[in-house]
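Inspection log for the structure reproduced underneath, given as structure tokens.
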Amino acid sequence: MTPHPIKLRFRKADKVLRAEFDNDETFDIPFELLRVESPSAEVQGHGGQRPPPVTGKADIGVERAEPVGQYAIRIVFDDGHDSGFFTWSKLYDFGKNSEALMAAYRRRVAEHAA
């Protein structure tokens, strides 16, 4: 069973979401990762083909977050993006694998630029 967050704190100065889970794990998830890997159709694509990677989000900020039932949050970024629902399992995955996800993102950006 996926751990559930017991505390979510947006640390704006550090540009990370500190997520504390009920299994005693705590992660600092970069805002950039949350934005460039947003679970929205805009970022992930429509119907199977992924669009080019989102770029230029290293300094992205978060304006606010809103609960979505008991299973997710919707993050409103300072560039206006607000269409992805971040489920507890997605946040846990982002926290657990943030370095690998950021490395894969940077590879996609480099491949797309070539």
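Identifiers in the structure tokens: chain A, B, ... in order shown; residue index from 1 per chain; ligand index from 1 in order shown.
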Which of stretch 11-108 of chain A end up as alpha helix (DSSP H) when DSSP is run on this backbone - answer as an MDAnalysis selection string? chainID A and resid 31:36 41:44 88:96 98:108
What separates atom CA of A:Gly84 and atom CA of A:Ser98 is a distance of 17.6 Å
Which residues, written as a list in words, have at least one atom at most 8 Å from stretch 65-72 of chain A, with only C-alpha atoms counted and residues fewer than 4 positions away on the same chain left out?
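What passes the distance filter is Val76, Phe85, Phe86, Thr87 and Trp88 of chain A.
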Atom CA of A:Arg50 to atom CA of A:Asp78 measures 23.3 Å
Legend entry - All strand (DSSP E) positions in stretch 15-70 of chain A, as JSON, numbers by chain: {"A": [16, 17, 18, 19, 20, 21, 26, 27, 28, 29, 30, 62, 63, 64, 65, 66, 67, 68]}
Those residues you just picked out, can you put them in a file as an mmCIF file, in the first residue's frame with N, CA and C atoms?
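As a result, part05.cif now contains:
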```cif
data_model
loop_
_atom_site.group_PDB
_atom_site.id
_atom_site.type_symbol
_atom_site.label_atom_id
_atom_site.label_comp_id
_atom_site.auth_asym_id
_atom_site.auth_seq_id
_atom_site.Cartn_x
_atom_site.Cartn_y
_atom_site.Cartn_z
ATOM 1 N N VAL A 16 11.026 23.834 -2.970
ATOM 2 C CA VAL A 16 10.752 22.406 -2.798
ATOM 3 C C VAL A 16 9.456 22.217 -2.010
ATOM 4 N N LEU A 17 8.835 21.089 -2.266
ATOM 5 C CA LEU A 17 7.712 20.635 -1.461
ATOM 6 C C LEU A 17 8.252 19.599 -0.497
ATOM 7 N N ARG A 18 8.197 19.895 0.795
ATOM 8 C CA ARG A 18 8.596 18.912 1.801
ATOM 9 C C ARG A 18 7.374 18.057 2.094
ATOM 10 N N ALA A 19 7.497 16.776 1.782
ATOM 11 C CA ALA A 19 6.392 15.832 1.954
ATOM 12 C C ALA A 19 6.781 14.797 2.998
ATOM 13 N N GLU A 20 6.033 14.783 4.097
ATOM 14 C CA GLU A 20 6.249 13.804 5.154
ATOM 15 C C GLU A 20 5.147 12.753 5.039
ATOM 16 N N PHE A 21 5.554 11.484 5.007
ATOM 17 C CA PHE A 21 4.618 10.387 4.809
ATOM 18 C C PHE A 21 4.435 9.574 6.080
ATOM 19 N N THR A 26 10.505 11.245 4.571
ATOM 20 C CA THR A 26 10.322 12.657 4.245
ATOM 21 C C THR A 26 11.167 12.963 3.026
ATOM 22 N N PHE A 27 10.568 13.695 2.084
ATOM 23 C CA PHE A 27 11.261 14.046 0.848
ATOM 24 C C PHE A 27 11.117 15.531 0.579
ATOM 25 N N ASP A 28 12.142 16.102 -0.043
ATOM 26 C CA ASP A 28 12.074 17.454 -0.575
ATOM 27 C C ASP A 28 11.979 17.312 -2.090
ATOM 28 N N ILE A 29 10.802 17.599 -2.630
ATOM 29 C CA ILE A 29 10.541 17.431 -4.055
ATOM 30 C C ILE A 29 10.665 18.797 -4.729
ATOM 31 N N PRO A 30 11.599 18.935 -5.677
ATOM 32 C CA PRO A 30 11.787 20.238 -6.333
ATOM 33 C C PRO A 30 10.530 20.695 -7.079
ATOM 34 N N VAL A 62 5.396 28.248 -6.687
ATOM 35 C CA VAL A 62 4.057 27.723 -6.434
ATOM 36 C C VAL A 62 3.247 28.824 -5.762
ATOM 37 N N GLU A 63 2.078 29.101 -6.312
ATOM 38 C CA GLU A 63 1.189 30.093 -5.711
ATOM 39 C C GLU A 63 0.354 29.494 -4.594
ATOM 40 N N ARG A 64 -0.174 28.289 -4.854
ATOM 41 C CA ARG A 64 -0.997 27.631 -3.836
ATOM 42 C C ARG A 64 -1.250 26.178 -4.244
ATOM 43 N N ALA A 65 -1.814 25.434 -3.315
ATOM 44 C CA ALA A 65 -2.239 24.058 -3.581
ATOM 45 C C ALA A 65 -3.636 23.888 -3.019
ATOM 46 N N GLU A 66 -4.413 23.073 -3.704
ATOM 47 C CA GLU A 66 -5.796 22.851 -3.299
ATOM 48 C C GLU A 66 -6.044 21.350 -3.167
ATOM 49 N N PRO A 67 -6.741 20.933 -2.131
ATOM 50 C CA PRO A 67 -7.032 19.508 -1.994
ATOM 51 C C PRO A 67 -7.996 19.030 -3.080
ATOM 52 N N VAL A 68 -7.804 17.786 -3.487
ATOM 53 C CA VAL A 68 -8.714 17.119 -4.411
ATOM 54 C C VAL A 68 -9.189 15.866 -3.686
#
```
10 Å contact set for A:Glu37, only C-alpha atoms, chain neighbours under 2 positions out, as a list in words: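 The residues that qualify are Phe31, Glu32, Leu33, Leu34, Arg35, Pro39, Ser40, Val43, Gln44, Pro53, Val54, Gly84, Phe94, Leu101, Met102 and Tyr105 of chain A.
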